[in-house]
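S.K.: coords32.txt is the file, holding compact mmCIF, all heavy atoms:
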# COMPACT_ATOMS: atom_id res chain seq x y z
N MET Z 5 199.95 -95.42 5.34
CA MET Z 5 198.91 -96.28 4.79
C MET Z 5 199.20 -96.50 3.30
O MET Z 5 199.83 -95.67 2.65
CB MET Z 5 197.54 -95.63 4.95
CG MET Z 5 197.13 -95.38 6.39
SD MET Z 5 197.05 -96.84 7.41
CE MET Z 5 195.47 -97.46 7.02
N TYR Z 6 198.72 -97.61 2.82
CA TYR Z 6 198.98 -98.01 1.44
C TYR Z 6 197.70 -98.54 0.80
O TYR Z 6 196.79 -98.99 1.49
CB TYR Z 6 200.03 -99.12 1.40
CG TYR Z 6 201.37 -98.70 1.91
CD1 TYR Z 6 201.69 -98.77 3.26
CD2 TYR Z 6 202.35 -98.22 1.05
CE1 TYR Z 6 202.93 -98.38 3.74
CE2 TYR Z 6 203.59 -97.83 1.51
CZ TYR Z 6 203.87 -97.91 2.86
OH TYR Z 6 205.10 -97.53 3.32
N SER Z 7 197.68 -98.50 -0.53
CA SER Z 7 196.61 -99.12 -1.31
C SER Z 7 197.25 -100.01 -2.36
O SER Z 7 198.30 -99.67 -2.90
CB SER Z 7 195.76 -98.07 -2.03
OG SER Z 7 194.91 -97.42 -1.14
N VAL Z 8 196.60 -101.12 -2.64
CA VAL Z 8 197.00 -101.97 -3.76
C VAL Z 8 195.88 -101.90 -4.78
O VAL Z 8 194.71 -102.09 -4.46
CB VAL Z 8 197.25 -103.42 -3.31
CG1 VAL Z 8 197.51 -104.31 -4.53
CG2 VAL Z 8 198.44 -103.49 -2.37
N TYR Z 9 196.28 -101.60 -6.00
CA TYR Z 9 195.35 -101.52 -7.11
C TYR Z 9 195.64 -102.62 -8.12
O TYR Z 9 196.79 -103.01 -8.31
CB TYR Z 9 195.49 -100.18 -7.84
CG TYR Z 9 194.96 -99.01 -7.05
CD1 TYR Z 9 195.75 -98.32 -6.16
CD2 TYR Z 9 193.65 -98.61 -7.21
CE1 TYR Z 9 195.28 -97.26 -5.43
CE2 TYR Z 9 193.14 -97.53 -6.49
CZ TYR Z 9 193.96 -96.87 -5.60
OH TYR Z 9 193.47 -95.82 -4.88
N LYS Z 10 194.59 -103.10 -8.75
CA LYS Z 10 194.73 -103.97 -9.91
C LYS Z 10 194.00 -103.25 -11.02
O LYS Z 10 192.77 -103.15 -11.01
CB LYS Z 10 194.13 -105.34 -9.65
CG LYS Z 10 194.33 -106.26 -10.83
CD LYS Z 10 194.08 -107.68 -10.51
CE LYS Z 10 194.37 -108.46 -11.78
NZ LYS Z 10 194.47 -109.85 -11.56
N GLY Z 11 194.79 -102.68 -11.93
CA GLY Z 11 194.20 -101.79 -12.92
C GLY Z 11 193.71 -100.55 -12.21
O GLY Z 11 194.45 -99.93 -11.44
N ASP Z 12 192.46 -100.18 -12.42
CA ASP Z 12 191.88 -99.01 -11.78
C ASP Z 12 191.13 -99.34 -10.49
O ASP Z 12 190.62 -98.45 -9.81
CB ASP Z 12 190.89 -98.32 -12.73
CG ASP Z 12 191.59 -97.66 -13.91
OD1 ASP Z 12 192.78 -97.35 -13.78
OD2 ASP Z 12 190.94 -97.47 -14.95
N LYS Z 13 191.07 -100.62 -10.13
CA LYS Z 13 190.28 -101.05 -8.97
C LYS Z 13 191.17 -101.24 -7.74
O LYS Z 13 192.17 -101.94 -7.78
CB LYS Z 13 189.58 -102.36 -9.30
CG LYS Z 13 188.68 -102.85 -8.21
CD LYS Z 13 188.00 -104.15 -8.60
CE LYS Z 13 187.16 -104.63 -7.43
NZ LYS Z 13 186.60 -105.94 -7.70
N GLU Z 14 190.78 -100.60 -6.64
CA GLU Z 14 191.49 -100.80 -5.38
C GLU Z 14 191.07 -102.14 -4.80
O GLU Z 14 189.90 -102.43 -4.64
CB GLU Z 14 191.13 -99.68 -4.39
CG GLU Z 14 191.89 -99.79 -3.08
CD GLU Z 14 191.53 -98.70 -2.10
OE1 GLU Z 14 190.35 -98.65 -1.68
OE2 GLU Z 14 192.41 -97.89 -1.78
N ILE Z 15 192.08 -102.98 -4.49
CA ILE Z 15 191.77 -104.31 -3.95
C ILE Z 15 192.13 -104.45 -2.48
O ILE Z 15 191.69 -105.40 -1.84
CB ILE Z 15 192.41 -105.43 -4.79
CG1 ILE Z 15 193.93 -105.30 -4.83
CG2 ILE Z 15 191.82 -105.47 -6.19
CD1 ILE Z 15 194.63 -106.48 -5.48
N ALA Z 16 192.94 -103.53 -1.96
CA ALA Z 16 193.30 -103.59 -0.54
C ALA Z 16 193.79 -102.22 -0.09
O ALA Z 16 194.39 -101.48 -0.86
CB ALA Z 16 194.36 -104.64 -0.29
N PHE Z 17 193.53 -101.92 1.20
CA PHE Z 17 193.96 -100.66 1.79
C PHE Z 17 194.35 -100.93 3.23
O PHE Z 17 193.70 -101.69 3.93
CB PHE Z 17 192.83 -99.63 1.75
CG PHE Z 17 193.19 -98.34 2.43
CD1 PHE Z 17 193.95 -97.38 1.78
CD2 PHE Z 17 192.78 -98.10 3.73
CE1 PHE Z 17 194.28 -96.19 2.42
CE2 PHE Z 17 193.11 -96.92 4.37
CZ PHE Z 17 193.87 -95.97 3.71
N GLY Z 18 195.44 -100.30 3.69
CA GLY Z 18 195.85 -100.42 5.08
C GLY Z 18 197.36 -100.38 5.20
O GLY Z 18 198.06 -99.90 4.32
N THR Z 19 197.86 -100.94 6.31
CA THR Z 19 199.30 -101.04 6.48
C THR Z 19 199.81 -102.18 5.59
O THR Z 19 199.01 -102.99 5.08
CB THR Z 19 199.65 -101.35 7.95
OG1 THR Z 19 199.13 -102.65 8.28
CG2 THR Z 19 199.09 -100.30 8.90
N LEU Z 20 201.11 -102.26 5.45
CA LEU Z 20 201.68 -103.35 4.66
C LEU Z 20 201.28 -104.71 5.23
O LEU Z 20 200.94 -105.63 4.48
CB LEU Z 20 203.20 -103.22 4.60
CG LEU Z 20 203.73 -102.01 3.84
CD1 LEU Z 20 205.24 -101.90 4.00
CD2 LEU Z 20 203.35 -102.07 2.37
N GLU Z 21 201.28 -104.82 6.54
CA GLU Z 21 200.91 -106.07 7.19
C GLU Z 21 199.44 -106.42 6.97
O GLU Z 21 199.09 -107.58 6.72
CB GLU Z 21 201.21 -106.00 8.70
CG GLU Z 21 202.68 -105.92 9.03
CD GLU Z 21 203.29 -104.53 8.86
OE1 GLU Z 21 202.56 -103.53 8.68
OE2 GLU Z 21 204.53 -104.44 8.90
N GLU Z 22 198.57 -105.42 7.04
CA GLU Z 22 197.13 -105.65 6.81
C GLU Z 22 196.87 -106.08 5.37
O GLU Z 22 196.07 -106.98 5.12
CB GLU Z 22 196.33 -104.39 7.14
CG GLU Z 22 196.30 -104.04 8.60
CD GLU Z 22 195.74 -102.67 8.89
OE1 GLU Z 22 195.67 -101.80 7.99
OE2 GLU Z 22 195.37 -102.44 10.07
N ILE Z 23 197.54 -105.44 4.45
CA ILE Z 23 197.37 -105.79 3.03
C ILE Z 23 197.87 -107.20 2.77
O ILE Z 23 197.20 -108.00 2.10
CB ILE Z 23 198.09 -104.76 2.13
CG1 ILE Z 23 197.36 -103.42 2.20
CG2 ILE Z 23 198.16 -105.27 0.69
CD1 ILE Z 23 198.10 -102.27 1.54
N ALA Z 24 199.04 -107.54 3.31
CA ALA Z 24 199.59 -108.88 3.13
C ALA Z 24 198.63 -109.93 3.69
O ALA Z 24 198.39 -110.97 3.06
CB ALA Z 24 200.95 -108.98 3.81
N SER Z 25 198.06 -109.66 4.85
CA SER Z 25 197.12 -110.59 5.45
C SER Z 25 195.87 -110.75 4.58
O SER Z 25 195.40 -111.87 4.35
CB SER Z 25 196.73 -110.09 6.84
OG SER Z 25 195.76 -110.92 7.42
N LYS Z 26 195.34 -109.65 4.11
CA LYS Z 26 194.13 -109.70 3.28
C LYS Z 26 194.37 -110.45 1.97
O LYS Z 26 193.53 -111.24 1.54
CB LYS Z 26 193.64 -108.29 2.97
CG LYS Z 26 192.39 -108.27 2.12
CD LYS Z 26 191.85 -106.88 1.91
CE LYS Z 26 190.57 -106.97 1.08
NZ LYS Z 26 189.99 -105.68 0.85
N LEU Z 27 195.53 -110.23 1.36
CA LEU Z 27 195.84 -110.88 0.08
C LEU Z 27 196.47 -112.25 0.26
O LEU Z 27 196.72 -112.95 -0.72
CB LEU Z 27 196.77 -109.98 -0.75
CG LEU Z 27 196.21 -108.60 -1.12
CD1 LEU Z 27 197.25 -107.81 -1.89
CD2 LEU Z 27 194.92 -108.73 -1.91
N LYS Z 28 196.76 -112.62 1.52
CA LYS Z 28 197.36 -113.91 1.86
C LYS Z 28 198.71 -114.10 1.17
O LYS Z 28 198.99 -115.15 0.57
CB LYS Z 28 196.40 -115.05 1.54
CG LYS Z 28 195.13 -114.96 2.35
CD LYS Z 28 194.17 -116.05 2.06
CE LYS Z 28 192.95 -115.82 2.94
NZ LYS Z 28 191.78 -116.47 2.46
N ILE Z 29 199.54 -113.06 1.27
CA ILE Z 29 200.89 -113.08 0.74
C ILE Z 29 201.84 -112.48 1.77
O ILE Z 29 201.39 -111.96 2.79
CB ILE Z 29 201.01 -112.32 -0.60
CG1 ILE Z 29 200.58 -110.86 -0.43
CG2 ILE Z 29 200.18 -113.00 -1.69
CD1 ILE Z 29 200.75 -110.01 -1.67
N LYS Z 30 203.14 -112.55 1.52
CA LYS Z 30 204.13 -111.99 2.43
C LYS Z 30 204.22 -110.48 2.27
O LYS Z 30 203.94 -109.94 1.20
CB LYS Z 30 205.50 -112.60 2.16
CG LYS Z 30 205.56 -114.08 2.43
CD LYS Z 30 206.94 -114.62 2.10
CE LYS Z 30 206.98 -116.11 2.34
NZ LYS Z 30 208.30 -116.67 2.02
N VAL Z 31 204.65 -109.81 3.34
CA VAL Z 31 204.84 -108.36 3.31
C VAL Z 31 205.85 -107.99 2.22
O VAL Z 31 205.67 -107.01 1.49
CB VAL Z 31 205.29 -107.83 4.69
CG1 VAL Z 31 205.68 -106.36 4.62
CG2 VAL Z 31 204.19 -108.02 5.71
N ASP Z 32 206.92 -108.78 2.07
CA ASP Z 32 207.91 -108.50 1.03
C ASP Z 32 207.30 -108.53 -0.37
O ASP Z 32 207.69 -107.77 -1.25
CB ASP Z 32 209.07 -109.48 1.10
CG ASP Z 32 210.00 -109.20 2.27
OD1 ASP Z 32 209.97 -108.06 2.80
OD2 ASP Z 32 210.76 -110.10 2.65
N SER Z 33 206.32 -109.40 -0.59
CA SER Z 33 205.64 -109.45 -1.88
C SER Z 33 204.83 -108.18 -2.12
O SER Z 33 204.82 -107.66 -3.23
CB SER Z 33 204.72 -110.67 -1.95
OG SER Z 33 205.47 -111.85 -1.85
N VAL Z 34 204.18 -107.69 -1.08
CA VAL Z 34 203.41 -106.44 -1.19
C VAL Z 34 204.36 -105.30 -1.56
O VAL Z 34 204.08 -104.52 -2.47
CB VAL Z 34 202.65 -106.13 0.11
CG1 VAL Z 34 201.97 -104.77 0.02
CG2 VAL Z 34 201.65 -107.21 0.43
N LYS Z 35 205.49 -105.21 -0.86
CA LYS Z 35 206.47 -104.15 -1.14
C LYS Z 35 206.98 -104.23 -2.58
O LYS Z 35 207.24 -103.20 -3.20
CB LYS Z 35 207.65 -104.26 -0.18
CG LYS Z 35 207.33 -103.91 1.25
CD LYS Z 35 208.58 -104.11 2.10
CE LYS Z 35 208.34 -103.88 3.55
NZ LYS Z 35 209.56 -104.14 4.36
N PHE Z 36 207.12 -105.43 -3.09
CA PHE Z 36 207.64 -105.63 -4.44
C PHE Z 36 206.74 -105.00 -5.50
O PHE Z 36 207.19 -104.60 -6.57
CB PHE Z 36 207.84 -107.12 -4.71
CG PHE Z 36 208.62 -107.43 -5.95
CD1 PHE Z 36 209.93 -107.00 -6.08
CD2 PHE Z 36 208.06 -108.16 -6.98
CE1 PHE Z 36 210.67 -107.29 -7.22
CE2 PHE Z 36 208.78 -108.45 -8.12
CZ PHE Z 36 210.09 -108.02 -8.24
N TYR Z 37 205.44 -104.88 -5.22
CA TYR Z 37 204.49 -104.29 -6.17
C TYR Z 37 204.79 -102.83 -6.49
O TYR Z 37 204.26 -102.29 -7.46
CB TYR Z 37 203.05 -104.40 -5.66
CG TYR Z 37 202.52 -105.81 -5.56
CD1 TYR Z 37 201.50 -106.11 -4.68
CD2 TYR Z 37 203.02 -106.84 -6.33
CE1 TYR Z 37 200.99 -107.39 -4.58
CE2 TYR Z 37 202.52 -108.12 -6.23
CZ TYR Z 37 201.51 -108.39 -5.36
OH TYR Z 37 201.01 -109.65 -5.26
N ALA Z 38 205.65 -102.18 -5.72
CA ALA Z 38 205.98 -100.77 -5.96
C ALA Z 38 207.35 -100.60 -6.61
O ALA Z 38 207.75 -99.48 -6.91
CB ALA Z 38 205.96 -100.00 -4.64
N THR Z 39 208.06 -101.69 -6.88
CA THR Z 39 209.41 -101.58 -7.41
C THR Z 39 209.43 -101.40 -8.93
O THR Z 39 208.54 -101.90 -9.63
CB THR Z 39 210.25 -102.82 -7.06
OG1 THR Z 39 209.69 -103.97 -7.71
CG2 THR Z 39 210.33 -103.03 -5.56
N PRO Z 40 210.44 -100.71 -9.45
CA PRO Z 40 210.56 -100.57 -10.90
C PRO Z 40 210.68 -101.93 -11.61
O PRO Z 40 210.15 -102.09 -12.72
CB PRO Z 40 211.85 -99.77 -11.08
CG PRO Z 40 212.01 -99.03 -9.79
CD PRO Z 40 211.45 -99.93 -8.73
N THR Z 41 211.31 -102.89 -10.96
CA THR Z 41 211.43 -104.23 -11.56
C THR Z 41 210.05 -104.83 -11.82
O THR Z 41 209.77 -105.33 -12.91
CB THR Z 41 212.25 -105.15 -10.64
OG1 THR Z 41 213.53 -104.57 -10.45
CG2 THR Z 41 212.38 -106.54 -11.23
N TRP Z 42 209.18 -104.78 -10.82
CA TRP Z 42 207.82 -105.32 -10.97
C TRP Z 42 207.04 -104.55 -12.04
O TRP Z 42 206.37 -105.15 -12.88
CB TRP Z 42 207.08 -105.25 -9.63
CG TRP Z 42 205.64 -105.67 -9.72
CD1 TRP Z 42 204.56 -104.85 -9.72
CD2 TRP Z 42 205.13 -106.99 -9.84
NE1 TRP Z 42 203.40 -105.57 -9.81
CE2 TRP Z 42 203.73 -106.91 -9.90
CE3 TRP Z 42 205.71 -108.25 -9.90
CZ2 TRP Z 42 202.92 -108.03 -10.01
CZ3 TRP Z 42 204.89 -109.36 -10.00
CH2 TRP Z 42 203.51 -109.24 -10.07
N ILE Z 43 207.13 -103.25 -12.00
CA ILE Z 43 206.39 -102.42 -12.95
C ILE Z 43 206.84 -102.70 -14.38
O ILE Z 43 206.01 -102.80 -15.29
CB ILE Z 43 206.54 -100.93 -12.58
CG1 ILE Z 43 205.82 -100.67 -11.25
CG2 ILE Z 43 206.01 -100.02 -13.68
CD1 ILE Z 43 206.12 -99.33 -10.61
N ASN Z 44 208.14 -102.89 -14.60
CA ASN Z 44 208.65 -103.17 -15.94
C ASN Z 44 208.30 -104.57 -16.42
O ASN Z 44 208.16 -104.79 -17.62
CB ASN Z 44 210.17 -102.98 -15.98
CG ASN Z 44 210.57 -101.54 -15.87
OD1 ASN Z 44 209.82 -100.64 -16.26
ND2 ASN Z 44 211.75 -101.29 -15.33
N ARG Z 45 208.14 -105.51 -15.51
CA ARG Z 45 207.86 -106.91 -15.87
C ARG Z 45 206.39 -107.16 -16.17
O ARG Z 45 206.05 -108.16 -16.79
CB ARG Z 45 208.24 -107.84 -14.73
CG ARG Z 45 209.67 -108.08 -14.57
CD ARG Z 45 209.87 -109.13 -13.47
NE ARG Z 45 211.27 -109.24 -13.12
CZ ARG Z 45 211.72 -109.90 -12.09
NH1 ARG Z 45 210.88 -110.51 -11.27
NH2 ARG Z 45 213.01 -109.96 -11.85
N THR Z 46 205.50 -106.30 -15.68
CA THR Z 46 204.07 -106.60 -15.73
C THR Z 46 203.30 -105.59 -16.57
O THR Z 46 203.79 -104.52 -16.90
CB THR Z 46 203.49 -106.60 -14.30
OG1 THR Z 46 203.72 -105.33 -13.70
CG2 THR Z 46 204.12 -107.70 -13.45
N SER Z 47 202.08 -105.96 -16.89
CA SER Z 47 201.21 -105.08 -17.66
C SER Z 47 200.61 -104.01 -16.75
O SER Z 47 200.74 -104.06 -15.53
CB SER Z 47 200.08 -105.89 -18.30
OG SER Z 47 199.18 -106.35 -17.30
N ASP Z 48 199.90 -103.07 -17.35
CA ASP Z 48 199.26 -102.00 -16.59
C ASP Z 48 198.12 -102.52 -15.71
O ASP Z 48 197.67 -101.84 -14.81
CB ASP Z 48 198.71 -100.93 -17.52
CG ASP Z 48 199.82 -100.13 -18.18
OD1 ASP Z 48 200.94 -100.11 -17.64
OD2 ASP Z 48 199.57 -99.53 -19.25
N ASN Z 49 197.66 -103.74 -15.98
CA ASN Z 49 196.55 -104.31 -15.21
C ASN Z 49 197.04 -105.14 -14.01
O ASN Z 49 196.24 -105.72 -13.30
CB ASN Z 49 195.66 -105.16 -16.12
CG ASN Z 49 194.31 -105.39 -15.51
OD1 ASN Z 49 193.75 -104.53 -14.86
ND2 ASN Z 49 193.77 -106.58 -15.72
N ALA Z 50 198.35 -105.19 -13.78
CA ALA Z 50 198.90 -105.95 -12.66
C ALA Z 50 198.72 -105.16 -11.36
O ALA Z 50 198.41 -103.97 -11.37
CB ALA Z 50 200.37 -106.24 -12.90
N ARG Z 51 198.96 -105.83 -10.25
CA ARG Z 51 198.86 -105.16 -8.94
C ARG Z 51 199.93 -104.09 -8.80
O ARG Z 51 201.06 -104.27 -9.23
CB ARG Z 51 199.02 -106.18 -7.82
CG ARG Z 51 197.87 -107.14 -7.72
CD ARG Z 51 198.13 -108.17 -6.66
NE ARG Z 51 196.95 -109.02 -6.48
CZ ARG Z 51 196.93 -110.05 -5.65
NH1 ARG Z 51 197.97 -110.37 -4.93
NH2 ARG Z 51 195.83 -110.76 -5.54
N ARG Z 52 199.55 -102.97 -8.18
CA ARG Z 52 200.47 -101.87 -7.91
C ARG Z 52 200.26 -101.39 -6.48
O ARG Z 52 199.12 -101.24 -6.02
CB ARG Z 52 200.22 -100.68 -8.84
CG ARG Z 52 200.38 -100.96 -10.31
CD ARG Z 52 201.85 -101.01 -10.69
NE ARG Z 52 202.00 -101.07 -12.14
CZ ARG Z 52 202.32 -102.16 -12.79
NH1 ARG Z 52 202.51 -103.28 -12.16
NH2 ARG Z 52 202.46 -102.14 -14.11
N LEU Z 53 201.36 -101.13 -5.78
CA LEU Z 53 201.31 -100.59 -4.43
C LEU Z 53 201.52 -99.10 -4.49
O LEU Z 53 202.45 -98.61 -5.13
CB LEU Z 53 202.40 -101.23 -3.55
CG LEU Z 53 202.51 -100.71 -2.13
CD1 LEU Z 53 201.26 -101.09 -1.32
CD2 LEU Z 53 203.77 -101.23 -1.46
N VAL Z 54 200.64 -98.36 -3.81
CA VAL Z 54 200.71 -96.90 -3.79
C VAL Z 54 200.65 -96.45 -2.34
O VAL Z 54 199.79 -96.88 -1.57
CB VAL Z 54 199.52 -96.28 -4.56
CG1 VAL Z 54 199.55 -94.78 -4.50
CG2 VAL Z 54 199.50 -96.77 -6.00
N LYS Z 55 201.59 -95.57 -1.96
CA LYS Z 55 201.56 -95.00 -0.61
C LYS Z 55 200.53 -93.89 -0.60
O LYS Z 55 200.50 -93.03 -1.47
CB LYS Z 55 202.93 -94.46 -0.22
CG LYS Z 55 202.99 -94.01 1.21
CD LYS Z 55 204.38 -93.71 1.66
CE LYS Z 55 204.39 -93.41 3.14
NZ LYS Z 55 205.73 -93.23 3.68
N VAL Z 56 199.67 -93.89 0.43
CA VAL Z 56 198.59 -92.92 0.54
C VAL Z 56 198.93 -91.97 1.69
O VAL Z 56 199.20 -92.41 2.80
CB VAL Z 56 197.24 -93.63 0.83
CG1 VAL Z 56 196.14 -92.61 1.01
CG2 VAL Z 56 196.92 -94.61 -0.28
N GLU Z 57 198.91 -90.68 1.41
CA GLU Z 57 199.18 -89.66 2.42
C GLU Z 57 197.87 -89.40 3.17
O GLU Z 57 196.85 -89.08 2.59
CB GLU Z 57 199.65 -88.38 1.76
CG GLU Z 57 200.87 -88.55 0.90
CD GLU Z 57 202.13 -88.03 1.57
OE1 GLU Z 57 202.01 -87.29 2.55
OE2 GLU Z 57 203.20 -88.40 1.09
N CYS Z 58 197.92 -89.55 4.48
CA CYS Z 58 196.74 -89.30 5.32
C CYS Z 58 196.99 -88.07 6.17
O CYS Z 58 198.05 -87.95 6.80
CB CYS Z 58 196.44 -90.48 6.22
SG CYS Z 58 196.02 -91.98 5.34
N ASP Z 59 196.05 -87.16 6.19
CA ASP Z 59 196.18 -85.95 7.01
C ASP Z 59 195.58 -86.12 8.37
O ASP Z 59 194.69 -86.79 8.64
CB ASP Z 59 195.51 -84.75 6.32
CG ASP Z 59 196.28 -84.34 5.07
OD1 ASP Z 59 197.48 -84.64 4.99
OD2 ASP Z 59 195.64 -83.73 4.19
What is this file in structure tokens?
M.R.:
Amino acid sequence: MYSVYKGDKEIAFGTLEEIASKLKIKVDSVKFYATPTWINRTSDNARRLVKVECD
């Protein structure tokens, strides 16, 4: 499971496919939010993808 945050606010939670559907973007775009390239290009308030460990 994954979460997408914009700043401190969670904007989507679920599988990569569920998040992409909710945000109306491609799965590859969602994955890109976790890359060092994206993180270096954007401010701290940009979208970030975080993998969530579920027990």
S.K.: In Å, with one decimal, what is the gap from atom CA of Lys26 of chain Z to atom CA of Tyr9 of chain Z?
M.R.: 13.3 Å
S.K.: Given the choices Z:Met5, Z:Ile23, Z:Ala16, Z:Leu53, which gets closest to Tyr37 of chain Z if the distance is worked out from only C-alpha atoms?
M.R.: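 Residue with the minimum atom-to-atom distance to Tyr37 of chain Z: Z:Leu53.
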S.K.: Between atom CD of Arg51 of chain Z and atom C of Ala24 of chain Z, what is the distance in Å, rounded to a tenth?
M.R.: 10.5 Å
S.K.: Between Z:Lys35, Z:Leu20, Z:Lys10, Z:Ser25, which is the closest to Ser47 of chain Z once you count only C-alpha atoms?
M.R.: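 The closest residue to Ser47 of chain Z is Z:Lys10.
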S.K.: Where in chain Z does DSSP assign strand (DSSP E), given as a list in words?
M.R.: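 Selecting the strand (DSSP E) positions of chain Z gives Tyr6, Ser7, Val8, Tyr9, Lys10, Lys13, Glu14, Ile15, Ala16, Phe17, Gly18, Arg51, Arg52, Leu53, Val54 and Lys55 of chain Z.
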S.K.: Which distance in Å separates atom CA of Arg45 of chain Z and atom CA of Ser33 of chain Z, to one decimal?
M.R.: 14.4 Å
S.K.: Would you return as a list in words the members of segment 5-53 of chain Z that DSSP assigns to alpha helix (DSSP H) on this structure's backbone?
M.R.: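 Going through segment 5-53 of chain Z, the alpha helix (DSSP H) residues come out as Leu20, Glu21, Glu22, Ile23, Ala24, Ser25, Lys26, Leu27, Val31, Asp32, Ser33, Val34, Lys35, Phe36, Pro40, Thr41, Trp42, Ile43, Asn44 and Arg45 of chain Z.
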S.K.: Find the residues near Phe17 of chain Z: any atom within 6 Å, counting all atoms listed in the file, skip ones fewer than 3 places away on the same chain, and give them as a VMD selection string.
M.R.: chain Z and resid 5 to 8 14 22 to 23 26 56 58
S.K.: Selected residues, all heavy atoms, written as an mmCIF file, in the frame of the given file, please.
M.R.:
data_model
loop_
_atom_site.group_PDB
_atom_site.id
_atom_site.type_symbol
_atom_site.label_atom_id
_atom_site.label_comp_id
_atom_site.auth_asym_id
_atom_site.auth_seq_id
_atom_site.Cartn_x
_atom_site.Cartn_y
_atom_site.Cartn_z
ATOM 1 N N MET Z 5 199.950 -95.420 5.340
ATOM 2 C CA MET Z 5 198.910 -96.280 4.790
ATOM 3 C C MET Z 5 199.200 -96.500 3.300
ATOM 4 O O MET Z 5 199.830 -95.670 2.650
ATOM 5 C CB MET Z 5 197.540 -95.630 4.950
ATOM 6 C CG MET Z 5 197.130 -95.380 6.390
ATOM 7 S SD MET Z 5 197.050 -96.840 7.410
ATOM 8 C CE MET Z 5 195.470 -97.460 7.020
ATOM 9 N N TYR Z 6 198.720 -97.610 2.820
ATOM 10 C CA TYR Z 6 198.980 -98.010 1.440
ATOM 11 C C TYR Z 6 197.700 -98.540 0.800
ATOM 12 O O TYR Z 6 196.790 -98.990 1.490
ATOM 13 C CB TYR Z 6 200.030 -99.120 1.400
ATOM 14 C CG TYR Z 6 201.370 -98.700 1.910
ATOM 15 C CD1 TYR Z 6 201.690 -98.770 3.260
ATOM 16 C CD2 TYR Z 6 202.350 -98.220 1.050
ATOM 17 C CE1 TYR Z 6 202.930 -98.380 3.740
ATOM 18 C CE2 TYR Z 6 203.590 -97.830 1.510
ATOM 19 C CZ TYR Z 6 203.870 -97.910 2.860
ATOM 20 O OH TYR Z 6 205.100 -97.530 3.320
ATOM 21 N N SER Z 7 197.680 -98.500 -0.530
ATOM 22 C CA SER Z 7 196.610 -99.120 -1.310
ATOM 23 C C SER Z 7 197.250 -100.010 -2.360
ATOM 24 O O SER Z 7 198.300 -99.670 -2.900
ATOM 25 C CB SER Z 7 195.760 -98.070 -2.030
ATOM 26 O OG SER Z 7 194.910 -97.420 -1.140
ATOM 27 N N VAL Z 8 196.600 -101.120 -2.640
ATOM 28 C CA VAL Z 8 197.000 -101.970 -3.760
ATOM 29 C C VAL Z 8 195.880 -101.900 -4.780
ATOM 30 O O VAL Z 8 194.710 -102.090 -4.460
ATOM 31 C CB VAL Z 8 197.250 -103.420 -3.310
ATOM 32 C CG1 VAL Z 8 197.510 -104.310 -4.530
ATOM 33 C CG2 VAL Z 8 198.440 -103.490 -2.370
ATOM 34 N N GLU Z 14 190.780 -100.600 -6.640
ATOM 35 C CA GLU Z 14 191.490 -100.800 -5.380
ATOM 36 C C GLU Z 14 191.070 -102.140 -4.800
ATOM 37 O O GLU Z 14 189.900 -102.430 -4.640
ATOM 38 C CB GLU Z 14 191.130 -99.680 -4.390
ATOM 39 C CG GLU Z 14 191.890 -99.790 -3.080
ATOM 40 C CD GLU Z 14 191.530 -98.700 -2.100
ATOM 41 O OE1 GLU Z 14 190.350 -98.650 -1.680
ATOM 42 O OE2 GLU Z 14 192.410 -97.890 -1.780
ATOM 43 N N GLU Z 22 198.570 -105.420 7.040
ATOM 44 C CA GLU Z 22 197.130 -105.650 6.810
ATOM 45 C C GLU Z 22 196.870 -106.080 5.370
ATOM 46 O O GLU Z 22 196.070 -106.980 5.120
ATOM 47 C CB GLU Z 22 196.330 -104.390 7.140
ATOM 48 C CG GLU Z 22 196.300 -104.040 8.600
ATOM 49 C CD GLU Z 22 195.740 -102.670 8.890
ATOM 50 O OE1 GLU Z 22 195.670 -101.800 7.990
ATOM 51 O OE2 GLU Z 22 195.370 -102.440 10.070
ATOM 52 N N ILE Z 23 197.540 -105.440 4.450
ATOM 53 C CA ILE Z 23 197.370 -105.790 3.030
ATOM 54 C C ILE Z 23 197.870 -107.200 2.770
ATOM 55 O O ILE Z 23 197.200 -108.000 2.100
ATOM 56 C CB ILE Z 23 198.090 -104.760 2.130
ATOM 57 C CG1 ILE Z 23 197.360 -103.420 2.200
ATOM 58 C CG2 ILE Z 23 198.160 -105.270 0.690
ATOM 59 C CD1 ILE Z 23 198.100 -102.270 1.540
ATOM 60 N N LYS Z 26 195.340 -109.650 4.110
ATOM 61 C CA LYS Z 26 194.130 -109.700 3.280
ATOM 62 C C LYS Z 26 194.370 -110.450 1.970
ATOM 63 O O LYS Z 26 193.530 -111.240 1.540
ATOM 64 C CB LYS Z 26 193.640 -108.290 2.970
ATOM 65 C CG LYS Z 26 192.390 -108.270 2.120
ATOM 66 C CD LYS Z 26 191.850 -106.880 1.910
ATOM 67 C CE LYS Z 26 190.570 -106.970 1.080
ATOM 68 N NZ LYS Z 26 189.990 -105.680 0.850
ATOM 69 N N VAL Z 56 199.670 -93.890 0.430
ATOM 70 C CA VAL Z 56 198.590 -92.920 0.540
ATOM 71 C C VAL Z 56 198.930 -91.970 1.690
ATOM 72 O O VAL Z 56 199.200 -92.410 2.800
ATOM 73 C CB VAL Z 56 197.240 -93.630 0.830
ATOM 74 C CG1 VAL Z 56 196.140 -92.610 1.010
ATOM 75 C CG2 VAL Z 56 196.920 -94.610 -0.280
ATOM 76 N N CYS Z 58 197.920 -89.550 4.480
ATOM 77 C CA CYS Z 58 196.740 -89.300 5.320
ATOM 78 C C CYS Z 58 196.990 -88.070 6.170
ATOM 79 O O CYS Z 58 198.050 -87.950 6.800
ATOM 80 C CB CYS Z 58 196.440 -90.480 6.220
ATOM 81 S SG CYS Z 58 196.020 -91.980 5.340
#
